[in-house]
Each structure stands twice: as structure tokens, then as C-alpha cells.
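Participant: One structure, pasted below without further comment.
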Protein chains: 2
Amino acid sequence: MSSGRRRKGIREVAAAAGVSVGTVSNVLNSPDIVAVDTRKRVERVMHELGFVRNGLARQLREGRGSTVGAVVLDIGNPFFTEVARGIEDRLAEAGCLLTLCSTDQRPEREARYVQMLEEHGVRGLLVTPSRRDFTSLLAVQRRGVPVVLLDCPSPAEELSSVSIDDVRGGELAAAHLVSQGHRRILFLNGPAQVMQCAARSRGARRAVRQAGLDPSRHLFEVEMSRADTDRAEHTLKQILALPQRPTAIMCVSDMVALGVMRGLRKQGVKVPDDIAVVGYDDVPFAAELATSLTTVRQPTYELGHAAAEILLTEADPAVPTRPQQLVYQPELILRESA
Amino acid sequence: MSSGRRRKGIREVAAAAGVSVGTVSNVLNSPDIVAVDTRKRVERVMHELGFVRNGLARQLREGRGSTVGAVVLDIGNPFFTEVARGIEDRLAEAGCLLTLCSTDQRPEREARYVQMLEEHGVRGLLVTPSRRDFTSLLAVQRRGVPVVLLDCPSPAEELSSVSIDDVRGGELAAAHLVSQGHRRILFLNGPAQVMQCAARSRGARRAVRQAGLDPSRHLFEVEMSRADTDRAEHTLKQILALPQRPTAIMCVSDMVALGVMRGLRKQGVKVPDDIAVVGYDDVPFAAELATSLTTVRQPTYELGHAAAEILLTEADPAVPTRPQQLVYQPELILRESA
DNA sequence: ATGAAAGCGCTAACAT
DNA sequence: ATGTTAGCGCTTTCAT
């Protein structure tokens with residue numbers, strides 16, 4: 001039953017209403033130029049026939065789609081989840097749909113999704129790149145599909161971007177630990193390839209240096225191939241086995257901090273007495289942990305909302321625009337863990 | 001610069017390679033039937049021209065799209081976030097894209113999204129309905145777009161569905177509280193209109209009854225118009241102001257439990273000594289709360305994965321199928337909060 | 001106010 | 001092996 005007879009088109013509506021397809025199209029797109037009773041009749045027929053406009057055909061004809069693609073690292077991550085809501089809400093106002101893709105920080109997945117989305121005729125692309133090389137994104141943009149970098153600055157400013165100052169965020173976190181007297185700080189980071197990770201690392205080093213200390217003596221970094229809870233917990237075990245334990249662990253995300261806290265608890269290590277922990281993101285649960293988490297808050301919803309806003313204006317052919325860079329500032333949230 | 005000259009199509013590729021559009025189409029869809037050197041040449045030209053296949057035109061021609069729409073209550077909710085990953089991963093295997101929509105439990109948003117998605121020519125729809133009336137979804141299905149209910153059983157079984165036994169889940173949670181001696185249990189629920197909420201409520205009553213007690217004396221329900229953290233915290237304040245405080249609060253979700261725990265902590269009420277709390281979902285942070293959360297775990301990723309699986313087979317015209325119902329069982333996770 | 005007709009870019013016969 | 005061509009369902013001039 002599911003594939004009865006083919007979907008009804010404006011053709012059969014036109015036939016059933018005794019008008020031409022042009023008129024049907026007009027009641028759809030310019031109802032006011034159609035005689036009232038003709039319009040009523042056509043609308044009634046549409047309803048009777050269960051007519052549903054074929055958006056594919058429409059978009060093909062109009063030359064542009066009405067969906068926007070967002071390529072992020074992982075929808076499962078609360079950070080992106082909030083960002084996604086910001087994007088979706090702004091797009092909804094514009095009548096656009098959001099297609100979400102998770103790359104898991106894998107460049108080949110990113111490339112594949114970007115290509116699929118471009119082929120699908122998206123109105124624009126929001127992407128959190130998994131590496132520093134933007135040439136393929138630039139190519140996409142050159143082909144007429146606006147691209148806005150999400151949570152990542154655009155080094156040469158050829159692409160619009162909405163980001164949060166990650167260097168500052170890393171600095172905020174590390175500076176706090178240093179001010180608390182920590183001299184053996186471990187930064188549990190994600191892949192250096194990921195710009196946010198690299199930036200936070202730079203910020204951390206800057207903070208240490210600004211305290212008149214030598215980063216190479218006081219700041220140690222462990223890079224995980226993926227920054228998720230389980231991997232963090234696993235990595236933590238190895239860290240605890242080290243001859244000299246750190247006195248503080250700065251985590252690249254709250255999810256990582258979650259894994260760290262879990263691992264620490266299992267090993268009976270007290271936070272913050274034995275080891276201090278700082279997270280990053282301030283996800284909803286951060287305040288409610290067994291030991292509430294000191295972390296860096298980022299305006300996530302706003303990030304997504306602003307990115308969608310910029311994308312939408314860039315996608316409007318009537319308004320010529322130059323790439324613009326928007327940078328939000330993170331904020332240190334002091335709680336018990338450090 | 002963004003809208004330089006129009007996107008290149010197979011036409012200009014054909015011209016530049018000195019072949020016909022049919023041949024270009026063939027190197028795209030049946031590379032093996034094209035002479036090797038012709039193919040190489042065409043591929044090189046495609047690359048030089050930066051050719052990107054127009055998926056809209058292709059899908060229009062082929063009569064079916066390659067994106068799947070998921071209409072959920074809120075992507076911001078960790079439950080759906082996990083479900084979404086399950087869906088996405090299965091779809092990726094099939095080369096399909098996922099378009100995600102949040103309804104915030106509002107029927108008019110649901111209707112709007114469902115219509116937009118149908119117009120966009122989705123291959124199928126995954127939907128968590130915000131009310132009990134499925135007639136519009138049935139209409140969509142009848143027009144040839146397979147619909148799979150997500151996290152919601154299909155009463156008359158006319159639609160496929162993948163769900164978790166919410167009656168059982170509610171029963172599990174309430175039975176535990178009753179067995180702990182609680183005789184004044186408050187169920188902080190979402191809108192009764194939402195099937196999951198109604199089902200858990202039924203389960204809770206069943207548990208009380210099965211303990212030989214009268215639900216109307218021992219189980220009280222407060223319905224919130226939206227089940228989010230902030231609203232829960234706010235509602236909790238009113239509950240604490242009641243003449244007779246409950247001895248246990250059963251929450252319809254971990255997000256609600258989070259708000260409750262936060263509110264309780266602010267008021268200096270001890271969990272579980274003064275009031276016991278049970279959540280629902282077992283989101284990643286549940287184990288790490290100041291007081292770890294006793295909750296009901298649901299196989300979320302599996303739910304999404306299975307739903308996508310069913311949808312994909314239903315969307316395959318070669319395999320005629322009957323609607324199928326899949327029901328997962330929830331599991332009580334005992335921790336400190338109750 | 002309405003109708004007729006030309007594509008949007010692609011695929012799939014069918015013809016060569 | 002490759003070329004030609006007829007649409008997919010719609011929007012949009014241009015006529016009437």
C-alpha cells in the first residue's frame with residue numbers, strides 16, 4: 001500500500017480543477033493574482049487530492065535549495081547539541097531545514113559529508129573543520145555555496161567564521177590553576193590538529209609564561225586521538241601510573257573532565273585536594289557533579305544562532321557581503337573542582 | 001565573488017571533454033560501461049571544471065530523495081542526541097543524510113516540519129509525535145513516504161515503530177521507591193499528552209497498586225508543560241512549599257532530575273535522606289552527580305539505529321514490508337539518590 | 001486572470 | 001561505446 005500510485009502533482013490538480021498548471025502554480029506562489037473563486041476551487045482540489053508540492057523540482061527550478069548543512073565533530077557532544085539548537089531556531093525563522101552531520105574529527109568523513117551536502121544543493125554550509133586545511137571549503141565557497149566556519153576562526157579571513165576565543169579560554173583555565181599554586185599541570189587535550197585544541201594549548205602556555213614560569217617545566221600535555229569520556233577515563237589510568245603525578249588536570253572539555261573525575265573517584269583520588277580538575281564548556285551537568293566542576297563557559301546557543309544568521313545573509317544574492325569574523329569571549333566559572 | 005558564474009553541469013563537462021551528456025552521466029553512474037580512456041578524460045575534465053553533480057536534479061529524475069527527516073522533541077535533550085547518532089550512523093552506511101527538527105512538543109511545529117520534510121522529498125520520516133493523533137502521519141505514509149515512530153508505540157500498528165516500554169520503565173522506578181518504604185511519592189511529569197509521559201505514569205500507578213497500595217493516596221503527579229531543567233527547578237520550589245512534602249520524587253527525565261537536585265541542594269534538602277530522587281534516561285552525567293542518580297536506562301543509540309534500519313528497508317521499493325513494532329526494555333540503574 | 005511553453009540538470013531508454 | 005532525446009514537477013516569462 002505504501003507506494004500506491006504516484007504522488008499527485010500540480011498537473012493532476014490542474015486537470016481536476018479545470019485550470020492550467022500555471023494557475024495552480026500561481027495559487028501556490030502568488031495567490032493574490034488569482035481570481036478568488038478560482039483560487040478557492042484549486043485549493044479545495046489540492047486538499048481533496050492530498051497534493052504535496054515537490055520541493056525538489058521547485059528548488060531545481062529556482063536554482064537554490066532551502067536546507068542548510070552543518071558539519072560538526074559530534075552531535076552527541078552537548079556542546080554541539082546546544083549549537084545545533086541555536087542554528088535550528090534561526091533557520092526555522094527563515095523556513096530552512098537543518099541537515100546535521102558528525103565527522104568524529106575524521107577529515108575523510110568531513111570531506112564526504114561536505115561533498116554530499118554540496119551535491120544536495122544546500123543553501124549554505126556551517127562547518128567545524130577537523131583540520132587546518134580549508135582549501136576544499138574555499139572551493140565550495142567559490143562554487144557559490146556560502147560557508148561559515150563554526151567554532152573556528154578563519155586565519156586568512158577568506159571565509160566567514162563565528163568562534164570563541166579559545167586561546168583566551170585556555171589561558172583563563174591555566175591562569176586559575178597557576179594562581180592556586182599548581183606547578184605540575186597536565187593538559188588532557190584532543191588532537192593538536194583540531195584548531196580549538198591547539199589554541200587552548202597555546203593559551204595555557206601563555207598563562208604559565210605570564211606567571212613568570214617555564215611552560216616546559218610546569219605544563220605537560222597529553223594528546224588523545226579522540227576527546228571523549230571513555231577515552232579520557234582510560235588515559236587517566238595511565239597518567240596516575242606515572243612516577244610524578246600532576247597536581248592539576250586541565251581538560252579540553254567537560255566530557256573529558258567527566259571521564260577524569262570518574263577515573264579519579266574509582267582510584268580513590270580526592271578532587272580538588274589530591275588533584276584539581278578544570279573542565280571546558282560548562283555543560284548543564286557541570287554544576288551538579290559529585291564535586292562541582294570549575295570550567296570555562298562558552299556561549300554555545302549564541303554561537304549557532306549567529307553562525308546561521310551570517311550564513312543566511314551571505315546566501316541572499318541581493319545582499320553582497322564580505323566575509324566577517326565574529327569572536328565570542330569565554331568565561332571562567334569557579335566551582336569546587338579547582 | 002560568491003556567485004561568480006553558474007555552477008558547471010554535465011553539459012559543460014560533456015562539451016569540454018568532447019563527448020555527449022549521456023556519456024558523462026555514464027561515467028557518473030556506470031563507469032564500467034565507458035571506455036577507459038574516455039572515462040579518464042571525462043574525469044579529468046570534471047576535476048578541472050570543479051564539477052559537482054546536482055543532486056536535486058538527480059533525485060527529481062530518480063523520483064526519490066536520499067535524505068531522511070527526523071522530527072524529535074528537542075535535539076538539545078541528551079536522549080535524542082544519542083538517538084540521533086544512532087540514526088545518523090545507520091543512514092551514513094546507506095549514503096543518506098539526516099535532517100533534524102525539534103518540535104519542543106508543539107503539535108503545530110511538528111505539523112510544519114513534517115510538511116516541509118515531505119515537500120523536500122525525504123526518503124522517509126522518523127518521528128516522535130507530540131500528541132496522540134497520527135492521522136496526518138498516516139496520510140504522509142499513504143502518499144508513499146514511509147514513517148517510523150520513534151520512541152513511541154503505534155497503537156493500531158498501522159505505522160512501524162521503535163519504542164521503549166515506558167509503562168515498564170515507570171513501573172521499575174516507582175516499584176523501587178515503594179520497596180524502599182516511600183508512601184508519598186511525587187511524579188514530576190511532562191505533558192500527559194506526550195505518550196511517554198502518560199505511559200510512565202500508568203506504570204508508576206501499576207507499581208503502587210501491585211504493592212497493595214492505593215495510588216490516589218500514595219502517588220501524586222505534577223504535570224509540567226515542558227520537561228526541562230529550569231522549569232523543573234522552578235516547579236520544585238512550589239512543591240517544597242506544599243504543606244506535606246513528598247518523601248520521594250520520581251522524575252520523567254534526568255534533565256528534570258537535574259533541576260530537582262539543583263533546587264533541593266539550594267534549599268539544603270538532603271538527597272536521599274530527606275527526599276529520594278529517581279531520574280529517567282541515564283544520561284552520561286547521571287553517575288557523576290553530587291549524589292549519583294538512580295535512574296532508568298534506555299537503549300537510546302540502539303533505538304535510533306534500529307529505527308533507521310526499519311525505515312531504510314521500508315523505503316526500499318524492492319522489498320514490500322508490513323509495519324513492524326520493535327520494543328526495547330528499560331533497565332533500572334541503582335545509585336545513591338534513591 | 002489565465003494559458004502555453006520553455007527550461008532547471010539530470011538519468012535512462014533507445015538509437016547508432 | 002557513445003549519442004540523442006524525452007521527461008522528472010515545477011516556475012516563469014510571454015501571450016491571450
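Lettering and numbering for the C-alpha cells are positional, with chains as A, B, ... in the shown order, residues counted from 1 in each chain, and ligands counted from 1 in the shown order.
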With only C-alpha atoms (C1' of nucleotides) as the counted atoms, please give the residues lying no more than 9 Å from region 272-287 of chain A, apart from itself and same-chain residues fewer than 4 positions off, as a ChimeraX atom specification.

Facilitator: /A:78-79,169-170,173-174,177,182,245-258,260-261,264,291-300,330,332-333,335-338 /B:229,255,258,262,285-286,288-290

Participant: Taking only C-alpha atoms (C1' of nucleotides) into account, report as a list in words which residues of chain C lie within 8 Å of chain B.

Facilitator: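 Taking only C-alpha atoms (C1' of nucleotides) into account, DC8, DG9, DC10 and DT11 of chain C sit within 8 Å of chain B.
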
Participant: Print the selection's residues with C-alpha atoms (C1' of nucleotides) to a file, as a PDB file, in the first residue's frame.

Facilitator:
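Result written to selection.pdb:
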```
ATOM      1  C1'  DC C   8      16.257  23.912 -14.309  1.00  0.00           C
ATOM      2  C1'  DG C   9      20.269  19.438 -14.577  1.00  0.00           C
ATOM      3  C1'  DC C  10      19.961  15.056 -14.640  1.00  0.00           C
ATOM      4  C1'  DT C  11      19.035   9.820 -15.960  1.00  0.00           C
TER       5       DT C  11
END
```

Participant: Name the residues of region 93-309 of chain B that come out as strand (DSSP E or B) in a backbone DSSP run; write them as a VMD selection string.

Facilitator: chain B and resid 97 to 102 124 to 127 147 to 150 160 to 164 185 to 189 219 to 223 248 to 251 276 to 278 281 289 294 to 297

Participant: At a cut-off of 8 Å, which residues of chain D touch chain A? Count only C-alpha atoms (C1' of nucleotides) and give the answer as a list in words.

Facilitator: DC8, DG9, DC10 and DT11 of chain D

Participant: Take the residues that were just selected and, keeping C-alpha atoms (C1' of nucleotides), output them as a tab-separated table (two decimals), in the first residue's frame.

Facilitator:
```tsv
chain	number	residue	atom	x	y	z
D	8	DC	C1'	11.03	14.18	-13.61
D	9	DG	C1'	7.49	18.50	-11.39
D	10	DC	C1'	7.89	22.85	-11.06
D	11	DT	C1'	8.25	28.25	-12.01
```

Participant: Of the candidates B:Ala241, B:Val122, B:Val27, B:Ala307, which shows the shortest atom-to-atom distance to chain A, using only C-alpha atoms?

Facilitator: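 Closest to chain A, using only C-alpha atoms: B:Val122.
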
Participant: So how far away is CA of Gly86 (chain A) from CA of Lys237 (chain B), in Å?

Facilitator: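 It comes out at 28.8 Å.
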
Participant: Would you list, as JSON, numbers by chain, the residues of region 87-277 of chain B that end up in alpha helix (DSSP H) under DSSP run on this structure's backbone?

Facilitator: {"B": [87, 88, 89, 90, 91, 92, 93, 107, 108, 109, 110, 111, 112, 113, 114, 115, 116, 117, 118, 119, 135, 136, 137, 138, 139, 140, 141, 142, 166, 167, 168, 169, 170, 171, 172, 173, 174, 175, 176, 177, 178, 179, 195, 196, 197, 198, 199, 200, 201, 202, 203, 204, 205, 206, 207, 208, 209, 210, 215, 216, 217, 218, 229, 230, 231, 232, 233, 234, 235, 236, 237, 238, 239, 240, 254, 255, 256, 257, 258, 259, 260, 261, 262, 263, 264, 265, 266]}

Participant: Taking only C-alpha atoms into account, name the residue in A:Val71, A:Val52, A:Val145, A:Leu188 that is nearest to Asp316 (chain A).

Facilitator: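 Selected residue with least distance to Asp316 (chain A): A:Val145.
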
Participant: Take CA of His47 (chain B) and CA of Gly124 (chain A) and report the distance between them in Å, one decimal.

Facilitator: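 That distance, rounded to one decimal, is 21.7 Å.
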
Participant: Have a look at A:Tyr301, A:Thr135, A:Gln325, A:Glu93 and name the one nearest to Gly76 (chain B); count only C-alpha atoms.

Facilitator: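 Under the stated criterion, the closest residue is A:Tyr301.
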